[in-house]
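One structure is given below, encoded as structure tokens.
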Amino acid sequence: MWASHVVHHSSERLNLSTAFRQSLTYPVSGMWMFWLPLALLGFSPPHIVIVVAINLGFQFFVHTQAVGKLGWLEKVFNTPSHHRVHHARNGKYIDRNYAGVLIVWDKLFGSFVEEDLDVPCEYGIVKPVRTHDPLTLTFHEWRDMLRDAARPQSLRSRLGQLFGPPEKAHSQGPT
């Protein structure tokens with residue numbers, strides 16, 4: 001899924017336009033799986049579309065630097081402050097705050113990090129893509145992932161390149 005989501009994270013700015021930066025490959029990488037449970041629970045397609053639209057509206061709200069801390073809401077909900085951490089590539093912040101709406105899950109599973117105003121968030125990805133070309137932005141990670149998986153190595157390493165977390169895939173060389 002990261003090969004698709006990297007398009008969204010490749011922006012080195014965090015603003016409402018970042019929320020619009022979406023990948024054409026989400027249907028291929030399985031983003032629809034996040035909404036499948038609603039269908040399995042019996043919700044009708046129009047209701048699922050409404051929930052997706054409401055969630056999309058909320059996601060626009062969290063993609064901003066203009067809103068500071070939000071008091072008690074920070075304890076339960078994903079806020080712009082929490083989401084700035086999610087988009088940061090700093091070592092302190094990377095791979096944190098996955099929440100879509102409720103930050104309590106990150107707090108329960110240990111992936112939560114508070115935004116530290118003394119350590120400003122640096123936005124973008126660890127290996128920046130210096131282009132605005134939509135095709136390059138959409139497919140660069142897919143290309144790199146497939147190239148890495150094609151290198152001579154064990155089957156386990158190849159599968160790790162394709163299905164493992166990005167930091168593991170990029171840290172492994174040929175074995």
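By convention here, the chains of the structure tokens are called A, B, ... in the order presented, each chain's residues are numbered starting at 1, and ligands are numbered starting at 1 in the order presented.
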
Need to verify the contact set: A:Arg13, 12 Å, only C-alpha atoms, exclusion of same-chain residues closer than 4 positions in sequence. Can you return it as a PyMOL selection string? chain A and resi 8-9+17-19+21+63-65+84+87-89+121-125

Would you mind exporting the chosen residues as a PDB file, in the first residue's frame, restricted to C-alpha atoms?
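File produced: part_25.pdb:
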```
ATOM      1  CA  HIS A   8       0.318  11.626  -0.914  1.00  0.00           C
ATOM      2  CA  HIS A   9       3.408  11.869   1.320  1.00  0.00           C
ATOM      3  CA  SER A  17      -3.435  20.692  -1.665  1.00  0.00           C
ATOM      4  CA  THR A  18      -1.587  17.799   0.011  1.00  0.00           C
ATOM      5  CA  ALA A  19      -4.964  16.230   0.785  1.00  0.00           C
ATOM      6  CA  ARG A  21      -2.456  14.525  -3.822  1.00  0.00           C
ATOM      7  CA  HIS A  63      -3.897  18.620   6.397  1.00  0.00           C
ATOM      8  CA  THR A  64      -3.019  22.088   7.625  1.00  0.00           C
ATOM      9  CA  GLN A  65      -0.354  24.001   9.485  1.00  0.00           C
ATOM     10  CA  ARG A  84       1.678  16.897  10.904  1.00  0.00           C
ATOM     11  CA  HIS A  87       3.576  13.511   7.386  1.00  0.00           C
ATOM     12  CA  ALA A  88       7.016  14.313   8.814  1.00  0.00           C
ATOM     13  CA  ARG A  89      10.169  12.548   7.683  1.00  0.00           C
ATOM     14  CA  CYS A 121       8.173  18.710  11.162  1.00  0.00           C
ATOM     15  CA  GLU A 122      10.066  18.279   7.897  1.00  0.00           C
ATOM     16  CA  TYR A 123       7.531  17.140   5.314  1.00  0.00           C
ATOM     17  CA  GLY A 124       8.025  14.797   2.407  1.00  0.00           C
ATOM     18  CA  ILE A 125       9.562  11.381   2.021  1.00  0.00           C
TER      19      ILE A 125
END
```

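Here the question is which of A:Arg130, A:Arg143, A:Arg151, A:Lys69 gets nearest to A:His82 using only C-alpha atoms, and that residue is A:Lys69.
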
List every residue of stretch 68-165 of chain A that DSSP, applied to the backbone of this structure, places in strand (DSSP E or B), and write the result as a list in words.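 Written out, the strand (DSSP E or B) residues of stretch 68-165 of chain A are Phe77, Ala88, Leu102 and Tyr123 of chain A.
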
Leaving out A:Phe58 and any residue of its chain fewer than 6 positions from it, which residues lie within 12 Å of it when counting only C-alpha atoms, given as a PyMOL selection string? chain A and resi 16+19+51-52+64+77-80+83+99-102

Restrict the selected residues to N, CA and C atoms and save them as a PDB file, in the first residue's frame.
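Dumped everything to again.pdb:
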```
ATOM      1  N   LEU A  16      -3.853  22.154   2.272  1.00  0.00           N
ATOM      2  CA  LEU A  16      -5.024  21.493   1.701  1.00  0.00           C
ATOM      3  C   LEU A  16      -4.717  20.812   0.373  1.00  0.00           C
ATOM      4  N   ALA A  19      -3.831  17.153   0.668  1.00  0.00           N
ATOM      5  CA  ALA A  19      -4.964  16.230   0.785  1.00  0.00           C
ATOM      6  C   ALA A  19      -5.446  15.791  -0.598  1.00  0.00           C
ATOM      7  N   VAL A  51     -20.212   7.974   4.057  1.00  0.00           N
ATOM      8  CA  VAL A  51     -19.170   7.854   5.086  1.00  0.00           C
ATOM      9  C   VAL A  51     -17.804   8.212   4.491  1.00  0.00           C
ATOM     10  N   VAL A  52     -17.513   7.729   3.292  1.00  0.00           N
ATOM     11  CA  VAL A  52     -16.244   8.051   2.626  1.00  0.00           C
ATOM     12  C   VAL A  52     -16.151   9.560   2.410  1.00  0.00           C
ATOM     13  N   THR A  64      -3.270  20.655   7.533  1.00  0.00           N
ATOM     14  CA  THR A  64      -3.019  22.088   7.625  1.00  0.00           C
ATOM     15  C   THR A  64      -1.961  22.382   8.679  1.00  0.00           C
ATOM     16  N   PHE A  77      -9.055  12.427  19.282  1.00  0.00           N
ATOM     17  CA  PHE A  77      -9.152  12.525  17.829  1.00  0.00           C
ATOM     18  C   PHE A  77      -7.816  12.821  17.151  1.00  0.00           C
ATOM     19  N   ASN A  78      -7.716  12.389  15.914  1.00  0.00           N
ATOM     20  CA  ASN A  78      -6.619  12.818  15.049  1.00  0.00           C
ATOM     21  C   ASN A  78      -6.826  14.307  14.790  1.00  0.00           C
ATOM     22  N   THR A  79      -5.817  15.101  15.019  1.00  0.00           N
ATOM     23  CA  THR A  79      -5.912  16.551  14.845  1.00  0.00           C
ATOM     24  C   THR A  79      -4.839  16.995  13.853  1.00  0.00           C
ATOM     25  N   PRO A  80      -4.895  18.238  13.404  1.00  0.00           N
ATOM     26  CA  PRO A  80      -3.825  18.711  12.519  1.00  0.00           C
ATOM     27  C   PRO A  80      -2.431  18.529  13.131  1.00  0.00           C
ATOM     28  N   HIS A  83      -1.481  14.933  12.794  1.00  0.00           N
ATOM     29  CA  HIS A  83      -1.283  14.554  11.396  1.00  0.00           C
ATOM     30  C   HIS A  83      -0.022  15.184  10.801  1.00  0.00           C
ATOM     31  N   ALA A  99      -3.462   7.338  12.707  1.00  0.00           N
ATOM     32  CA  ALA A  99      -4.900   7.526  12.877  1.00  0.00           C
ATOM     33  C   ALA A  99      -5.546   8.234  11.705  1.00  0.00           C
ATOM     34  N   GLY A 100      -6.729   7.753  11.351  1.00  0.00           N
ATOM     35  CA  GLY A 100      -7.549   8.468  10.394  1.00  0.00           C
ATOM     36  C   GLY A 100      -8.445   9.449  11.135  1.00  0.00           C
ATOM     37  N   VAL A 101      -9.121   8.958  12.175  1.00  0.00           N
ATOM     38  CA  VAL A 101     -10.048   9.792  12.947  1.00  0.00           C
ATOM     39  C   VAL A 101      -9.720   9.731  14.439  1.00  0.00           C
ATOM     40  N   LEU A 102      -9.550   8.534  14.983  1.00  0.00           N
ATOM     41  CA  LEU A 102      -9.336   8.371  16.427  1.00  0.00           C
ATOM     42  C   LEU A 102      -7.861   8.101  16.731  1.00  0.00           C
TER      43      LEU A 102
END
```

I'd like the contact shell of A:Phe112 - 7 Å cut-off, only C-alpha atoms, skipping same-chain residues fewer than 2 positions apart - returned as a PyMOL selection string. chain A and resi 96-97+106-107+110+114

Give the answer as one residue: which of A:Leu162, A:Leu135, A:Ala53, A:Ile94 has the shortest atom-to-atom distance to A:Val7, using only C-alpha atoms?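 Among A:Leu162, A:Leu135, A:Ala53, A:Ile94, it is A:Leu135 that comes nearest to A:Val7.
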
Env of A:Val28: 12 Å cut, atoms = only C-alpha atoms, seq-sep filter 6 positions within chain, self excluded. Answer as a list of chain:residue names. A:Met1, A:Trp2, A:Ala3, A:Ser4, A:His5, A:Trp142

What would the file look like if the residues just selected were written as a PDB file, in the first residue's frame with N, CA and C atoms?
```
ATOM      1  N   MET A   1       0.811  -1.199   0.000  1.00  0.00           N
ATOM      2  CA  MET A   1       0.000   0.000   0.000  1.00  0.00           C
ATOM      3  C   MET A   1       0.855   1.264   0.000  1.00  0.00           C
ATOM      4  N   TRP A   2       2.082   1.180   0.555  1.00  0.00           N
ATOM      5  CA  TRP A   2       2.936   2.366   0.577  1.00  0.00           C
ATOM      6  C   TRP A   2       3.267   2.838  -0.833  1.00  0.00           C
ATOM      7  N   ALA A   3       3.420   1.923  -1.773  1.00  0.00           N
ATOM      8  CA  ALA A   3       3.742   2.321  -3.145  1.00  0.00           C
ATOM      9  C   ALA A   3       2.662   3.249  -3.706  1.00  0.00           C
ATOM     10  N   SER A   4       1.448   3.117  -3.254  1.00  0.00           N
ATOM     11  CA  SER A   4       0.380   4.038  -3.659  1.00  0.00           C
ATOM     12  C   SER A   4       0.356   5.277  -2.765  1.00  0.00           C
ATOM     13  N   HIS A   5       0.457   5.078  -1.475  1.00  0.00           N
ATOM     14  CA  HIS A   5       0.309   6.185  -0.519  1.00  0.00           C
ATOM     15  C   HIS A   5       1.487   7.163  -0.565  1.00  0.00           C
ATOM     16  N   TRP A 142       6.590   2.102  -7.180  1.00  0.00           N
ATOM     17  CA  TRP A 142       6.305   0.799  -7.797  1.00  0.00           C
ATOM     18  C   TRP A 142       7.532   0.329  -8.576  1.00  0.00           C
TER      19      TRP A 142
END
```

Provide the atom CA of A:Gln59 to atom CA of A:Phe139 distance in Å, to one decimal place. 23.5 Å

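We find atom CA of A:Val119 and atom CA of A:Asn90 to be spaced 8.8 Å apart.
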
DSSP helix (DSSP H, G or I) residues within stretch 108-172 of chain A, as a count of residues only: 34
